[in-house]
Amino acid sequence: MVVDFWGKIKKRRLSSLYLLYGTESFLLTETYELLVRTVLTEEEREFNVSVYDCEDTPVQTALEDAETFPFLGEKRVILIKNPYFFTAEKEKEVEHDLKKLESYIMSPSPFSIVVFVGPYEKLDERKKITKLMKEHAEVFVASPLAEKELREWIVERAGQSGVMVEEHAIDTLLKLAGTNLMTLANELDKLILFVGPGGMIQQETVEKLVSRTLEQNVFVLVEKVTKRQIDDALQVFYDLLENNEEPLKILSLLAGQFRLLYQVKWLAAKGYGQQQIASILNVHPFRIKLAMGQAALFSEEELTTVMRQIAEADYKMKSGTMDRQLVMELLLMRWNEGITNNIQ
């Protein structure tokens, strides 16, 4: 959906009215910026872009601006942020002339592109103004991307710079950087800069250059444990210590990851699929997919035992009865002795 929507903009199949809303703020920003880049040259942007916020400015003020002729250009872009009158939010101190807005929606300025942008999960479909807007505007809903859309987004973003991406490289990028679009964009831009126009981002390049978040490092640590690669798991732990991460914080995230594995395994045993589990746990489906792969290597009994051992390690760290780094090292080595054979 994202790539299709952007494709229409790039082909200059433009509307006079846009309504962009949703919880994925990075997508909202990218879509608006793409509109501006497509409609206006760099020189035109200085004089023909206006930004208004409905929290402190009446919408009619923005619409009056939209009816003003462009300066040294053919189009104007008017960004109207936080249009809460499309939602069920209560009226605020600013008085918005919604009759004026209705009239504008029915007959928008031919030389302006008006873009309403709001970080709202949903709109109030019962309102006349909302129905009218959705009927006449191009609507884009910025929701968290599914795995397929994430992959398309990565390929599209790299393609804008003339760079291709191997399928395995995408797998590794998602594993190491996670599904947060801001983080992914930063890491992808770094990879694009490294390979240059006409280049190909390969798995080895991703492994070499991508910075792992603390959460992703903990995921890798768990993966090493499941494969009984404890030396590698210890190395991940030591790398985290070098980055000034606290053993207690690492243990807490480790507990969260194993808790997720237990929940995923339990729900899968009840017959729930990946998408259903993601919805129940409010976790991105791609993360659930990875967790299902890790959980398959444990029995429920083993995961229960692991959680108990983590709780014991947590108590030792917090009570000060043992050095925190040593507690973590002993825990990892203990798992090495019985991770796949009913942990004792």
# chains A, B, ... in the order shown; residues from 1 in each chain; ligands from 1

$ select_by_dssp --residues "region 242-287 of chain A" --states "alpha helix (DSSP H)" --output "ChimeraX atom specification"
/A:242,247-269,274-281,285-287

$ write_last_selection --atoms "N, CA and C atoms" --output "JSON list (two decimals), in the first residue's frame"
[["chain", "number", "residue", "atom", "x", "y", "z"],
["A", 242, "GLU", "N", 31.01, -3.61, 27.22],
["A", 242, "GLU", "CA", 31.93, -2.59, 26.70],
["A", 242, "GLU", "C", 31.18, -1.34, 26.26],
["A", 247, "PRO", "N", 24.51, -5.22, 33.50],
["A", 247, "PRO", "CA", 24.09, -6.63, 33.51],
["A", 247, "PRO", "C", 22.62, -6.81, 33.90],
["A", 248, "LEU", "N", 22.15, -5.99, 34.86],
["A", 248, "LEU", "CA", 20.75, -6.11, 35.30],
["A", 248, "LEU", "C", 19.78, -5.75, 34.17],
["A", 249, "LYS", "N", 20.14, -4.73, 33.39],
["A", 249, "LYS", "CA", 19.28, -4.33, 32.27],
["A", 249, "LYS", "C", 19.29, -5.41, 31.19],
["A", 250, "ILE", "N", 20.46, -6.00, 30.94],
["A", 250, "ILE", "CA", 20.56, -7.08, 29.96],
["A", 250, "ILE", "C", 19.72, -8.27, 30.41],
["A", 251, "LEU", "N", 19.81, -8.59, 31.69],
["A", 251, "LEU", "CA", 19.03, -9.71, 32.23],
["A", 251, "LEU", "C", 17.53, -9.44, 32.11],
["A", 252, "SER", "N", 17.14, -8.19, 32.34],
["A", 252, "SER", "CA", 15.72, -7.83, 32.24],
["A", 252, "SER", "C", 15.21, -8.03, 30.82],
["A", 253, "LEU", "N", 16.00, -7.61, 29.84],
["A", 253, "LEU", "CA", 15.60, -7.79, 28.44],
["A", 253, "LEU", "C", 15.62, -9.27, 28.04],
["A", 254, "LEU", "N", 16.56, -9.99, 28.62],
["A", 254, "LEU", "CA", 16.62, -11.44, 28.37],
["A", 254, "LEU", "C", 15.36, -12.11, 28.90],
["A", 255, "ALA", "N", 14.93, -11.68, 30.08],
["A", 255, "ALA", "CA", 13.69, -12.21, 30.66],
["A", 255, "ALA", "C", 12.50, -11.90, 29.75],
["A", 256, "GLY", "N", 12.47, -10.68, 29.21],
["A", 256, "GLY", "CA", 11.38, -10.30, 28.31],
["A", 256, "GLY", "C", 11.34, -11.15, 27.05],
["A", 257, "GLN", "N", 12.53, -11.45, 26.51],
["A", 257, "GLN", "CA", 12.58, -12.27, 25.29],
["A", 257, "GLN", "C", 12.13, -13.70, 25.57],
["A", 258, "PHE", "N", 12.58, -14.28, 26.67],
["A", 258, "PHE", "CA", 12.16, -15.66, 26.99],
["A", 258, "PHE", "C", 10.68, -15.70, 27.37],
["A", 259, "ARG", "N", 10.19, -14.63, 27.99],
["A", 259, "ARG", "CA", 8.76, -14.56, 28.29],
["A", 259, "ARG", "C", 7.95, -14.56, 26.99],
["A", 260, "LEU", "N", 8.46, -13.82, 25.99],
["A", 260, "LEU", "CA", 7.80, -13.79, 24.69],
["A", 260, "LEU", "C", 7.81, -15.18, 24.05],
["A", 261, "LEU", "N", 8.94, -15.88, 24.16],
["A", 261, "LEU", "CA", 9.02, -17.24, 23.60],
["A", 261, "LEU", "C", 7.99, -18.15, 24.25],
["A", 262, "TYR", "N", 7.85, -18.03, 25.56],
["A", 262, "TYR", "CA", 6.88, -18.87, 26.27],
["A", 262, "TYR", "C", 5.46, -18.55, 25.82],
["A", 263, "GLN", "N", 5.14, -17.25, 25.74],
["A", 263, "GLN", "CA", 3.79, -16.85, 25.33],
["A", 263, "GLN", "C", 3.48, -17.32, 23.90],
["A", 264, "VAL", "N", 4.46, -17.16, 23.02],
["A", 264, "VAL", "CA", 4.28, -17.58, 21.63],
["A", 264, "VAL", "C", 4.07, -19.08, 21.54],
["A", 265, "LYS", "N", 4.89, -19.83, 22.28],
["A", 265, "LYS", "CA", 4.77, -21.29, 22.23],
["A", 265, "LYS", "C", 3.41, -21.73, 22.78],
["A", 266, "TRP", "N", 2.98, -21.12, 23.87],
["A", 266, "TRP", "CA", 1.71, -21.49, 24.49],
["A", 266, "TRP", "C", 0.54, -21.18, 23.56],
["A", 267, "LEU", "N", 0.56, -19.99, 22.94],
["A", 267, "LEU", "CA", -0.53, -19.60, 22.04],
["A", 267, "LEU", "C", -0.54, -20.45, 20.77],
["A", 268, "ALA", "N", 0.66, -20.76, 20.25],
["A", 268, "ALA", "CA", 0.74, -21.60, 19.05],
["A", 268, "ALA", "C", 0.17, -22.99, 19.33],
["A", 269, "ALA", "N", 0.44, -23.49, 20.54],
["A", 269, "ALA", "CA", -0.09, -24.81, 20.93],
["A", 269, "ALA", "C", -1.61, -24.80, 21.02],
["A", 274, "GLN", "N", 0.42, -16.88, 13.37],
["A", 274, "GLN", "CA", 1.36, -15.78, 13.59],
["A", 274, "GLN", "C", 0.67, -14.42, 13.72],
["A", 275, "GLN", "N", -0.24, -14.11, 12.81],
["A", 275, "GLN", "CA", -0.92, -12.81, 12.84],
["A", 275, "GLN", "C", -1.79, -12.67, 14.09],
["A", 276, "GLN", "N", -2.46, -13.77, 14.46],
["A", 276, "GLN", "CA", -3.32, -13.73, 15.65],
["A", 276, "GLN", "C", -2.49, -13.50, 16.91],
["A", 277, "ILE", "N", -1.36, -14.20, 17.00],
["A", 277, "ILE", "CA", -0.48, -14.05, 18.16],
["A", 277, "ILE", "C", 0.05, -12.62, 18.24],
["A", 278, "ALA", "N", 0.43, -12.07, 17.09],
["A", 278, "ALA", "CA", 0.93, -10.69, 17.04],
["A", 278, "ALA", "C", -0.12, -9.72, 17.56],
["A", 279, "SER", "N", -1.37, -9.96, 17.17],
["A", 279, "SER", "CA", -2.46, -9.09, 17.61],
["A", 279, "SER", "C", -2.72, -9.23, 19.10],
["A", 280, "ILE", "N", -2.73, -10.46, 19.60],
["A", 280, "ILE", "CA", -2.99, -10.72, 21.02],
["A", 280, "ILE", "C", -1.91, -10.09, 21.90],
["A", 281, "LEU", "N", -0.64, -10.26, 21.49],
["A", 281, "LEU", "CA", 0.48, -9.78, 22.30],
["A", 281, "LEU", "C", 0.87, -8.33, 21.97],
["A", 285, "PRO", "N", 4.36, -8.58, 13.79],
["A", 285, "PRO", "CA", 4.33, -9.96, 13.27],
["A", 285, "PRO", "C", 5.70, -10.52, 12.92],
["A", 286, "PHE", "N", 6.62, -9.66, 12.44],
["A", 286, "PHE", "CA", 7.95, -10.17, 12.10],
["A", 286, "PHE", "C", 8.69, -10.64, 13.34],
["A", 287, "ARG", "N", 8.53, -9.90, 14.43],
["A", 287, "ARG", "CA", 9.17, -10.31, 15.68],
["A", 287, "ARG", "C", 8.56, -11.63, 16.18]]

$ residues_around --residues "Leu145 (chain A)" --least-positions-apart "3" --cutoff "12 Å" --atoms "only C-alpha atoms" --output "list in words"
Met1, Val2, Val3, Gly22, Thr23, Glu24, Ser25, Phe26, Leu27, Val141, Ala142, Lys148, Glu149, Leu150, Arg151, Glu152, Trp153, Ile154, Thr179, Asn180, Leu181, Val283, His284, Pro285 and Phe286 of chain A

$ write_last_selection --atoms "N, CA and C atoms" --output "PDB file, in the first residue's frame"
ATOM      1  N   MET A   1       0.824  -1.207   0.000  1.00  0.00           N
ATOM      2  CA  MET A   1       0.000   0.000   0.000  1.00  0.00           C
ATOM      3  C   MET A   1       0.862   1.262   0.000  1.00  0.00           C
ATOM      4  N   VAL A   2       1.905   1.281   0.842  1.00  0.00           N
ATOM      5  CA  VAL A   2       2.776   2.451   0.938  1.00  0.00           C
ATOM      6  C   VAL A   2       3.447   2.715  -0.400  1.00  0.00           C
ATOM      7  N   VAL A   3       4.055   1.671  -0.964  1.00  0.00           N
ATOM      8  CA  VAL A   3       4.775   1.816  -2.228  1.00  0.00           C
ATOM      9  C   VAL A   3       3.816   2.241  -3.343  1.00  0.00           C
ATOM     10  N   GLY A  22      -2.452   8.289  11.078  1.00  0.00           N
ATOM     11  CA  GLY A  22      -2.007   6.985  11.552  1.00  0.00           C
ATOM     12  C   GLY A  22      -0.961   7.121  12.637  1.00  0.00           C
ATOM     13  N   THR A  23      -0.576   5.993  13.201  1.00  0.00           N
ATOM     14  CA  THR A  23       0.341   5.989  14.345  1.00  0.00           C
ATOM     15  C   THR A  23       1.809   5.898  13.940  1.00  0.00           C
ATOM     16  N   GLU A  24       2.081   5.619  12.667  1.00  0.00           N
ATOM     17  CA  GLU A  24       3.467   5.484  12.205  1.00  0.00           C
ATOM     18  C   GLU A  24       3.949   6.847  11.718  1.00  0.00           C
ATOM     19  N   SER A  25       4.444   7.649  12.664  1.00  0.00           N
ATOM     20  CA  SER A  25       4.782   9.048  12.372  1.00  0.00           C
ATOM     21  C   SER A  25       5.861   9.181  11.300  1.00  0.00           C
ATOM     22  N   PHE A  26       6.794   8.232  11.258  1.00  0.00           N
ATOM     23  CA  PHE A  26       7.870   8.305  10.266  1.00  0.00           C
ATOM     24  C   PHE A  26       7.302   8.221   8.851  1.00  0.00           C
ATOM     25  N   LEU A  27       6.314   7.362   8.649  1.00  0.00           N
ATOM     26  CA  LEU A  27       5.675   7.227   7.337  1.00  0.00           C
ATOM     27  C   LEU A  27       4.911   8.494   6.959  1.00  0.00           C
ATOM     28  N   VAL A 141      -3.273   5.896   5.248  1.00  0.00           N
ATOM     29  CA  VAL A 141      -3.265   5.465   6.648  1.00  0.00           C
ATOM     30  C   VAL A 141      -1.885   4.907   6.980  1.00  0.00           C
ATOM     31  N   ALA A 142      -1.176   5.585   7.870  1.00  0.00           N
ATOM     32  CA  ALA A 142       0.189   5.192   8.236  1.00  0.00           C
ATOM     33  C   ALA A 142       0.158   4.262   9.444  1.00  0.00           C
ATOM     34  N   LYS A 148       5.809  -8.035   4.621  1.00  0.00           N
ATOM     35  CA  LYS A 148       5.871  -7.863   3.157  1.00  0.00           C
ATOM     36  C   LYS A 148       6.034  -6.392   2.795  1.00  0.00           C
ATOM     37  N   GLU A 149       5.299  -5.520   3.478  1.00  0.00           N
ATOM     38  CA  GLU A 149       5.388  -4.083   3.210  1.00  0.00           C
ATOM     39  C   GLU A 149       6.737  -3.520   3.649  1.00  0.00           C
ATOM     40  N   LEU A 150       7.269  -4.032   4.762  1.00  0.00           N
ATOM     41  CA  LEU A 150       8.594  -3.604   5.214  1.00  0.00           C
ATOM     42  C   LEU A 150       9.643  -3.910   4.156  1.00  0.00           C
ATOM     43  N   ARG A 151       9.562  -5.111   3.602  1.00  0.00           N
ATOM     44  CA  ARG A 151      10.519  -5.514   2.566  1.00  0.00           C
ATOM     45  C   ARG A 151      10.384  -4.624   1.331  1.00  0.00           C
ATOM     46  N   GLU A 152       9.157  -4.344   0.931  1.00  0.00           N
ATOM     47  CA  GLU A 152       8.921  -3.467  -0.223  1.00  0.00           C
ATOM     48  C   GLU A 152       9.454  -2.065   0.057  1.00  0.00           C
ATOM     49  N   TRP A 153       9.242  -1.596   1.289  1.00  0.00           N
ATOM     50  CA  TRP A 153       9.704  -0.261   1.677  1.00  0.00           C
ATOM     51  C   TRP A 153      11.230  -0.179   1.616  1.00  0.00           C
ATOM     52  N   ILE A 154      11.907  -1.229   2.081  1.00  0.00           N
ATOM     53  CA  ILE A 154      13.378  -1.261   2.042  1.00  0.00           C
ATOM     54  C   ILE A 154      13.874  -1.211   0.602  1.00  0.00           C
ATOM     55  N   THR A 179      12.155  -3.566  13.513  1.00  0.00           N
ATOM     56  CA  THR A 179      11.113  -3.092  12.595  1.00  0.00           C
ATOM     57  C   THR A 179      10.764  -1.615  12.768  1.00  0.00           C
ATOM     58  N   ASN A 180      11.478  -0.920  13.646  1.00  0.00           N
ATOM     59  CA  ASN A 180      11.247   0.521  13.795  1.00  0.00           C
ATOM     60  C   ASN A 180      11.740   1.246  12.542  1.00  0.00           C
ATOM     61  N   LEU A 181      10.855   1.995  11.884  1.00  0.00           N
ATOM     62  CA  LEU A 181      11.191   2.593  10.594  1.00  0.00           C
ATOM     63  C   LEU A 181      12.303   3.630  10.687  1.00  0.00           C
ATOM     64  N   VAL A 283       2.549  -7.230  19.383  1.00  0.00           N
ATOM     65  CA  VAL A 283       3.952  -7.275  18.971  1.00  0.00           C
ATOM     66  C   VAL A 283       3.978  -7.384  17.446  1.00  0.00           C
ATOM     67  N   HIS A 284       4.970  -6.762  16.813  1.00  0.00           N
ATOM     68  CA  HIS A 284       5.039  -6.795  15.346  1.00  0.00           C
ATOM     69  C   HIS A 284       5.111  -8.246  14.843  1.00  0.00           C
ATOM     70  N   PRO A 285       4.355  -8.580  13.794  1.00  0.00           N
ATOM     71  CA  PRO A 285       4.329  -9.957  13.274  1.00  0.00           C
ATOM     72  C   PRO A 285       5.699 -10.517  12.918  1.00  0.00           C
ATOM     73  N   PHE A 286       6.620  -9.662  12.445  1.00  0.00           N
ATOM     74  CA  PHE A 286       7.949 -10.167  12.098  1.00  0.00           C
ATOM     75  C   PHE A 286       8.688 -10.636  13.345  1.00  0.00           C
TER      76      PHE A 286
END

$ residues_around --residues "Asp124 (chain A)" --least-positions-apart "5" --cutoff "8 Å" --atoms "only C-alpha atoms" --output "number ranges by chain"
A: 86-88, 130

$ write_last_selection --atoms "N, CA and C atoms" --output "PDB file, in the first residue's frame"
ATOM      1  N   PHE A  86     -11.484  15.861  12.732  1.00  0.00           N
ATOM      2  CA  PHE A  86     -11.842  14.636  11.997  1.00  0.00           C
ATOM      3  C   PHE A  86     -11.986  13.440  12.944  1.00  0.00           C
ATOM      4  N   THR A  87     -11.652  13.642  14.214  1.00  0.00           N
ATOM      5  CA  THR A  87     -11.674  12.558  15.197  1.00  0.00           C
ATOM      6  C   THR A  87     -12.779  12.801  16.229  1.00  0.00           C
ATOM      7  N   ALA A  88     -12.811  11.925  17.229  1.00  0.00           N
ATOM      8  CA  ALA A  88     -13.805  12.070  18.304  1.00  0.00           C
ATOM      9  C   ALA A  88     -13.284  12.939  19.446  1.00  0.00           C
ATOM     10  N   THR A 130     -15.761  14.449   8.307  1.00  0.00           N
ATOM     11  CA  THR A 130     -14.861  13.320   8.061  1.00  0.00           C
ATOM     12  C   THR A 130     -15.295  12.547   6.821  1.00  0.00           C
TER      13      THR A 130
END

$ residues_around --residues "Glu46 (chain A)" --least-positions-apart "5" --cutoff "12 Å" --atoms "only C-alpha atoms" --output "VMD selection string"
chain A and resid 36 40 to 41 70 to 73 76 to 77

$ residues_around --residues "Lys227 (chain A)" --least-positions-apart "2" --cutoff "12 Å" --atoms "only C-alpha atoms" --output "list of chain:residue names"
A:Val220, A:Leu221, A:Val222, A:Glu223, A:Lys224, A:Val225, A:Gln229, A:Ile230, A:Asp231, A:Asp232, A:Ala233, A:Gly293, A:Gln294, A:Ala295, A:Ala296, A:Leu297, A:Phe298, A:Trp335, A:Asn336, A:Gly338, A:Ile339, A:Thr340

$ write_last_selection --atoms "C-alpha atoms" --output "CSV table (one decimal), in the first residue's frame"
chain,number,residue,atom,x,y,z
A,220,VAL,CA,21.1,-12.5,19.1
A,221,LEU,CA,22.2,-13.6,22.5
A,222,VAL,CA,19.1,-15.8,22.9
A,223,GLU,CA,19.7,-17.2,19.4
A,224,LYS,CA,23.3,-18.2,20.4
A,225,VAL,CA,22.0,-19.9,23.5
A,229,GLN,CA,27.0,-21.4,21.0
A,230,ILE,CA,27.7,-20.2,24.5
A,231,ASP,CA,31.2,-18.8,23.7
A,232,ASP,CA,29.5,-16.6,21.1
A,233,ALA,CA,26.7,-15.7,23.6
A,293,GLY,CA,11.5,-20.1,15.3
A,294,GLN,CA,13.4,-19.7,18.6
A,295,ALA,CA,10.5,-21.1,20.7
A,296,ALA,CA,10.4,-24.3,18.6
A,297,LEU,CA,13.8,-25.3,20.0
A,298,PHE,CA,12.4,-25.4,23.6
A,335,TRP,CA,22.4,-23.2,30.1
A,336,ASN,CA,25.3,-24.5,28.1
A,338,GLY,CA,21.6,-28.4,29.5
A,339,ILE,CA,19.8,-26.1,27.2
A,340,THR,CA,18.3,-28.9,25.0

$ atom_distance --atom1 "CA of Lys318 (chain A)" --atom2 "CA of Phe237 (chain A)"
18.7 Å

$ closest_residue --among "A:Ala185, A:Ser107, A:Val94, A:Ala311" --to "Glu156 (chain A)" --atoms "only C-alpha atoms"
A:Ala185

$ residues_around --residues "Ser15 (chain A)" --least-positions-apart "3" --cutoff "10 Å" --atoms "only C-alpha atoms" --output "count of residues only"
13

$ residues_around --residues "Pro197 (chain A)" --least-positions-apart "4" --cutoff "7 Å" --atoms "only C-alpha atoms" --output "number ranges by chain"
A: 161-163

$ write_last_selection --atoms "N, CA and C atoms" --output "PDB file, in the first residue's frame"
ATOM      1  N   SER A 161      17.935   5.601  -4.531  1.00  0.00           N
ATOM      2  CA  SER A 161      19.343   5.994  -4.669  1.00  0.00           C
ATOM      3  C   SER A 161      20.074   5.112  -5.675  1.00  0.00           C
ATOM      4  N   GLY A 162      19.319   4.335  -6.445  1.00  0.00           N
ATOM      5  CA  GLY A 162      19.935   3.474  -7.455  1.00  0.00           C
ATOM      6  C   GLY A 162      20.666   2.284  -6.872  1.00  0.00           C
ATOM      7  N   VAL A 163      20.209   1.823  -5.707  1.00  0.00           N
ATOM      8  CA  VAL A 163      20.858   0.697  -5.022  1.00  0.00           C
ATOM      9  C   VAL A 163      19.896  -0.482  -4.931  1.00  0.00           C
TER      10      VAL A 163
END
